[in-house]
Amino acid sequence: MTTITNNLQAIEAKMKAACERAGRSMDDVTCIAVTKSVTVERTAEALEAGITHLGENRPEGLLLKQQHVTDERAVWHYIGSLQTRKVKQVVNDVDYIHSLDRLSLAEEIEKRATGVVKCFVQVNVSGEQSKHGLSPEEVQPFLQQLQAFSHIEVVGLMTMAPNTEDEQIIRGVFRRLKELQQQLQALQLPAAPCHELSMGMSGDFDIAIEEGATFVRIGTALVG
């Protein structure tokens, strides 16, 4: 297994090239190391390499990593689908939740959180049955409902592109999310500034950056 430092250099080069093509700054894009499938030791290695944003998709995995990885630089992202009954296990131990997709989940976060939780609303742009998330048309009414919640701040939107080799399909999904984000940002909703976009993974993060991603979630290509 290659060192994370080597992987990171290759990824950062690809990120830099994508930013240059899009006329963006590298400072505008944050790389999240998706550590859900790797060991505690590998997660610690990511931090040593300078990657402070870490992504987990199960409460058990998150809590295990946090017990052993105590570096104060770590910023924890919950990136998986979150069951309502498991909210209490993670809500006060993460910095971001990337999978807010229904009112019952928002209500549970609101009930259990001791501070403001930064959330991404998950949007199923592609309309695939296998994917979680609201349809693009459902997002604005959902955000209006959340305005009464004092413990949720919708910092942005999240999506996953279809598993396809067709770059135009992938690009179209990311572009649609960017357009939606701009529409929602213009509403200036106090609890939903919507200035971030979480999109792009190991196979398509460069396309996501070209289309406006501010957070990319990279697992296999970075940590293995």
# chains A, B, ... in the order shown; residues from 1 in each chain; ligands from 1
$ residues_around --residues "Ile11 in chain A" --least-positions-apart "5" --cutoff "12 Å" --atoms "only C-alpha atoms" --output "PyMOL selection string"
chain A and resi 4-6+16-18+26+30-33+51+201-206+216-223
$ select_by_dssp --residues "range 20-149 of chain A" --states "strand (DSSP E or B)" --output "ChimeraX atom specification"
/A:30-34,53-56,75-78,96-100,117-123,134
$ residues_around --residues "Gly115 in chain A" --least-positions-apart "2" --cutoff "9 Å" --atoms "only C-alpha atoms" --output "ChimeraX atom specification"
/A:92,113,117,150-152
$ residues_around --residues "Glu196 in chain A" --least-positions-apart "2" --cutoff "8 Å" --atoms "only C-alpha atoms" --output "list in words"
Val155, Gly156, Leu157, Cys194, Ser198, Ala213, Thr214 and Phe215 of chain A
$ write_last_selection --atoms "N, CA and C atoms" --output "compact mmCIF listing (two decimals), in the first residue's frame"
# COMPACT_ATOMS: atom_id res chain seq x y z
N VAL A 155 -25.24 24.39 5.70
CA VAL A 155 -24.10 25.10 5.09
C VAL A 155 -24.01 24.85 3.60
N GLY A 156 -24.69 23.79 3.12
CA GLY A 156 -24.60 23.51 1.69
C GLY A 156 -25.39 22.28 1.28
N LEU A 157 -25.09 21.82 0.07
CA LEU A 157 -25.76 20.67 -0.52
C LEU A 157 -24.74 19.58 -0.83
N CYS A 194 -26.10 27.98 2.72
CA CYS A 194 -25.87 27.16 1.51
C CYS A 194 -24.68 27.63 0.68
N SER A 198 -20.71 19.72 -1.35
CA SER A 198 -19.99 18.48 -1.09
C SER A 198 -20.31 17.51 -2.22
N ALA A 213 -17.38 22.27 -6.63
CA ALA A 213 -17.29 21.61 -5.31
C ALA A 213 -16.39 22.40 -4.37
N THR A 214 -16.81 22.50 -3.11
CA THR A 214 -15.94 23.09 -2.08
C THR A 214 -15.43 22.02 -1.12
N PHE A 215 -16.08 20.87 -1.08
CA PHE A 215 -15.60 19.70 -0.33
C PHE A 215 -15.62 18.51 -1.27
$ closest_residue --among "A:Asp93, A:Ala44, A:Gln147, A:Gln188" --to "Glu107 in chain A" --atoms "only C-alpha atoms"
A:Gln147
$ closest_residue --among "A:Arg171, A:Gly127, A:Ala106, A:Arg112" --to "Leu146 in chain A" --atoms "only C-alpha atoms"
A:Ala106
$ closest_residue --among "A:Ile170, A:Ala74, A:Val29, A:Ala49" --to "Leu197 in chain A" --atoms "only C-alpha atoms"
A:Val29
$ closest_residue --among "A:Cys119, A:Val139, A:Cys19, A:Ile97" --to "Gln183 in chain A" --atoms "only C-alpha atoms"
A:Val139
$ residues_around --residues "Leu62 in chain A" --least-positions-apart "2" --cutoff "9 Å" --atoms "only C-alpha atoms" --output "mmCIF file with N, CA and C atoms, in the first residue's frame"
data_model
loop_
_atom_site.group_PDB
_atom_site.id
_atom_site.type_symbol
_atom_site.label_atom_id
_atom_site.label_comp_id
_atom_site.auth_asym_id
_atom_site.auth_seq_id
_atom_site.Cartn_x
_atom_site.Cartn_y
_atom_site.Cartn_z
ATOM 1 N N LYS A 36 -13.642 5.490 6.321
ATOM 2 C CA LYS A 36 -14.620 4.511 6.791
ATOM 3 C C LYS A 36 -14.157 3.066 6.635
ATOM 4 N N GLY A 55 -13.722 11.535 7.134
ATOM 5 C CA GLY A 55 -15.113 11.161 6.907
ATOM 6 C C GLY A 55 -15.426 9.733 7.308
ATOM 7 N N GLU A 56 -16.470 9.574 8.102
ATOM 8 C CA GLU A 56 -16.943 8.249 8.520
ATOM 9 C C GLU A 56 -18.416 8.099 8.175
ATOM 10 N N ASN A 57 -18.865 6.851 7.957
ATOM 11 C CA ASN A 57 -20.250 6.648 7.531
ATOM 12 C C ASN A 57 -21.077 5.765 8.449
ATOM 13 N N ARG A 58 -20.490 5.353 9.588
ATOM 14 C CA ARG A 58 -21.246 4.575 10.574
ATOM 15 C C ARG A 58 -20.915 5.082 11.971
ATOM 16 N N PRO A 59 -21.911 5.164 12.841
ATOM 17 C CA PRO A 59 -21.634 5.637 14.206
ATOM 18 C C PRO A 59 -20.542 4.827 14.897
ATOM 19 N N GLU A 60 -20.573 3.494 14.717
ATOM 20 C CA GLU A 60 -19.597 2.641 15.396
ATOM 21 C C GLU A 60 -18.176 2.957 14.927
ATOM 22 N N LEU A 64 -15.180 4.614 17.258
ATOM 23 C CA LEU A 64 -13.938 3.849 17.409
ATOM 24 C C LEU A 64 -12.736 4.703 17.012
ATOM 25 N N LYS A 65 -12.838 5.384 15.866
ATOM 26 C CA LYS A 65 -11.732 6.222 15.399
ATOM 27 C C LYS A 65 -11.471 7.351 16.397
ATOM 28 N N GLN A 66 -12.536 7.939 16.902
ATOM 29 C CA GLN A 66 -12.354 9.082 17.805
ATOM 30 C C GLN A 66 -11.722 8.665 19.139
ATOM 31 N N GLN A 67 -11.964 7.433 19.545
ATOM 32 C CA GLN A 67 -11.334 6.939 20.779
ATOM 33 C C GLN A 67 -9.823 6.862 20.637
ATOM 34 N N TRP A 76 -14.303 16.189 11.980
ATOM 35 C CA TRP A 76 -15.021 14.951 11.675
ATOM 36 C C TRP A 76 -16.281 15.216 10.855
ATOM 37 N N TYR A 78 -19.627 13.306 9.168
ATOM 38 C CA TYR A 78 -20.453 12.102 9.057
ATOM 39 C C TYR A 78 -21.041 12.101 7.653
ATOM 40 N N VAL A 90 -23.990 10.276 17.465
ATOM 41 C CA VAL A 90 -22.971 11.037 16.723
ATOM 42 C C VAL A 90 -23.147 12.550 16.732
ATOM 43 N N ASP A 93 -20.649 14.787 18.347
ATOM 44 C CA ASP A 93 -19.250 14.377 18.169
ATOM 45 C C ASP A 93 -18.735 14.608 16.756
ATOM 46 N N VAL A 94 -19.546 15.240 15.912
ATOM 47 C CA VAL A 94 -19.103 15.515 14.542
ATOM 48 C C VAL A 94 -19.175 17.014 14.273
#
$ residues_around --residues "Thr52 in chain A" --least-positions-apart "3" --cutoff "7 Å" --atoms "only C-alpha atoms" --output "PDB file with C-alpha atoms, in the first residue's frame"
ATOM      1  CA  LEU A  47      -3.562  13.200   9.947  1.00  0.00           C
ATOM      2  CA  ARG A  73      -6.700  19.084  14.485  1.00  0.00           C
ATOM      3  CA  ALA A  74      -9.196  16.434  13.348  1.00  0.00           C
ATOM      4  CA  VAL A  75     -12.421  17.728  11.807  1.00  0.00           C
TER       5      VAL A  75
END
$ closest_residue --among "A:Glu12, A:Val34, A:Glu165, A:Gly212" --to "Gln182 in chain A" --atoms "only C-alpha atoms"
A:Gly212
$ atom_distance --atom1 "CA of His195 in chain A" --atom2 "CA of Gln181 in chain A"
7.4 Å
$ closest_residue --among "A:Leu177, A:Ile109, A:Val38, A:Leu187" --to "Glu211 in chain A" --atoms "only C-alpha atoms"
A:Leu177
$ decode --residues "range 137-170 of chain A" --atoms "N, CA and C atoms" --output "compact mmCIF listing (two decimals), in the first residue's frame"
# COMPACT_ATOMS: atom_id res chain seq x y z
N GLU A 137 -36.41 19.53 -6.56
CA GLU A 137 -37.62 20.34 -6.35
C GLU A 137 -38.05 20.37 -4.88
N GLU A 138 -37.64 19.37 -4.12
CA GLU A 138 -38.06 19.29 -2.71
C GLU A 138 -37.17 20.11 -1.76
N VAL A 139 -36.03 20.57 -2.26
CA VAL A 139 -35.04 21.15 -1.35
C VAL A 139 -35.50 22.49 -0.77
N GLN A 140 -35.99 23.40 -1.60
CA GLN A 140 -36.38 24.72 -1.07
C GLN A 140 -37.48 24.62 -0.02
N PRO A 141 -38.59 23.87 -0.27
CA PRO A 141 -39.61 23.73 0.79
C PRO A 141 -39.04 23.13 2.08
N PHE A 142 -38.10 22.19 1.92
CA PHE A 142 -37.46 21.57 3.09
C PHE A 142 -36.68 22.62 3.88
N LEU A 143 -35.92 23.44 3.19
CA LEU A 143 -35.15 24.47 3.88
C LEU A 143 -36.06 25.47 4.59
N GLN A 144 -37.20 25.76 3.99
CA GLN A 144 -38.16 26.66 4.65
C GLN A 144 -38.64 26.06 5.97
N GLN A 145 -38.86 24.75 5.96
CA GLN A 145 -39.29 24.07 7.20
C GLN A 145 -38.22 24.14 8.28
N LEU A 146 -36.96 24.14 7.88
CA LEU A 146 -35.87 24.11 8.85
C LEU A 146 -35.59 25.46 9.49
N GLN A 147 -36.23 26.51 9.00
CA GLN A 147 -35.94 27.84 9.54
C GLN A 147 -36.33 27.97 11.01
N ALA A 148 -37.22 27.12 11.46
CA ALA A 148 -37.65 27.18 12.87
C ALA A 148 -36.70 26.43 13.80
N PHE A 149 -35.70 25.75 13.24
CA PHE A 149 -34.80 24.91 14.05
C PHE A 149 -33.57 25.72 14.43
N SER A 150 -33.26 25.75 15.71
CA SER A 150 -32.14 26.58 16.18
C SER A 150 -30.81 25.85 16.21
N HIS A 151 -30.83 24.51 16.06
CA HIS A 151 -29.59 23.73 16.17
C HIS A 151 -29.08 23.20 14.83
N ILE A 152 -29.70 23.63 13.73
CA ILE A 152 -29.28 23.17 12.41
C ILE A 152 -28.93 24.36 11.53
N GLU A 153 -27.72 24.32 10.96
CA GLU A 153 -27.33 25.30 9.95
C GLU A 153 -27.02 24.53 8.67
N VAL A 154 -27.80 24.78 7.64
CA VAL A 154 -27.54 24.12 6.35
C VAL A 154 -26.46 24.91 5.62
N VAL A 155 -25.24 24.39 5.70
CA VAL A 155 -24.10 25.10 5.09
C VAL A 155 -24.01 24.85 3.60
N GLY A 156 -24.69 23.79 3.12
CA GLY A 156 -24.60 23.51 1.69
C GLY A 156 -25.39 22.28 1.28
N LEU A 157 -25.09 21.82 0.07
CA LEU A 157 -25.76 20.67 -0.52
C LEU A 157 -24.74 19.58 -0.83
N MET A 158 -25.20 18.33 -0.82
CA MET A 158 -24.35 17.19 -1.13
C MET A 158 -25.05 16.31 -2.16
N THR A 159 -24.26 15.74 -3.07
CA THR A 159 -24.81 14.74 -3.98
C THR A 159 -23.73 13.74 -4.36
N MET A 160 -24.18 12.64 -4.95
CA MET A 160 -23.28 11.64 -5.53
C MET A 160 -23.66 11.45 -6.99
N ALA A 161 -22.65 11.42 -7.83
CA ALA A 161 -22.89 11.22 -9.26
C ALA A 161 -23.17 9.74 -9.53
N PRO A 162 -23.83 9.43 -10.64
CA PRO A 162 -24.05 8.03 -11.00
C PRO A 162 -22.73 7.31 -11.25
N ASN A 163 -22.74 6.02 -11.07
CA ASN A 163 -21.55 5.20 -11.34
C ASN A 163 -21.49 4.91 -12.84
N THR A 164 -20.88 5.84 -13.56
CA THR A 164 -20.82 5.72 -15.01
C THR A 164 -19.49 6.27 -15.51
N GLU A 165 -19.10 5.81 -16.69
CA GLU A 165 -17.88 6.35 -17.32
C GLU A 165 -18.19 7.60 -18.14
N ASP A 166 -19.46 7.92 -18.30
CA ASP A 166 -19.86 9.04 -19.15
C ASP A 166 -19.65 10.36 -18.41
N GLU A 167 -18.59 11.07 -18.79
CA GLU A 167 -18.23 12.31 -18.10
C GLU A 167 -19.33 13.36 -18.20
N GLN A 168 -20.05 13.39 -19.31
CA GLN A 168 -21.09 14.41 -19.49
C GLN A 168 -22.25 14.20 -18.51
N ILE A 169 -22.57 12.94 -18.23
CA ILE A 169 -23.62 12.66 -17.25
C ILE A 169 -23.17 13.11 -15.87
N ILE A 170 -21.94 12.76 -15.51
CA ILE A 170 -21.39 13.14 -14.21
C ILE A 170 -21.36 14.67 -14.08
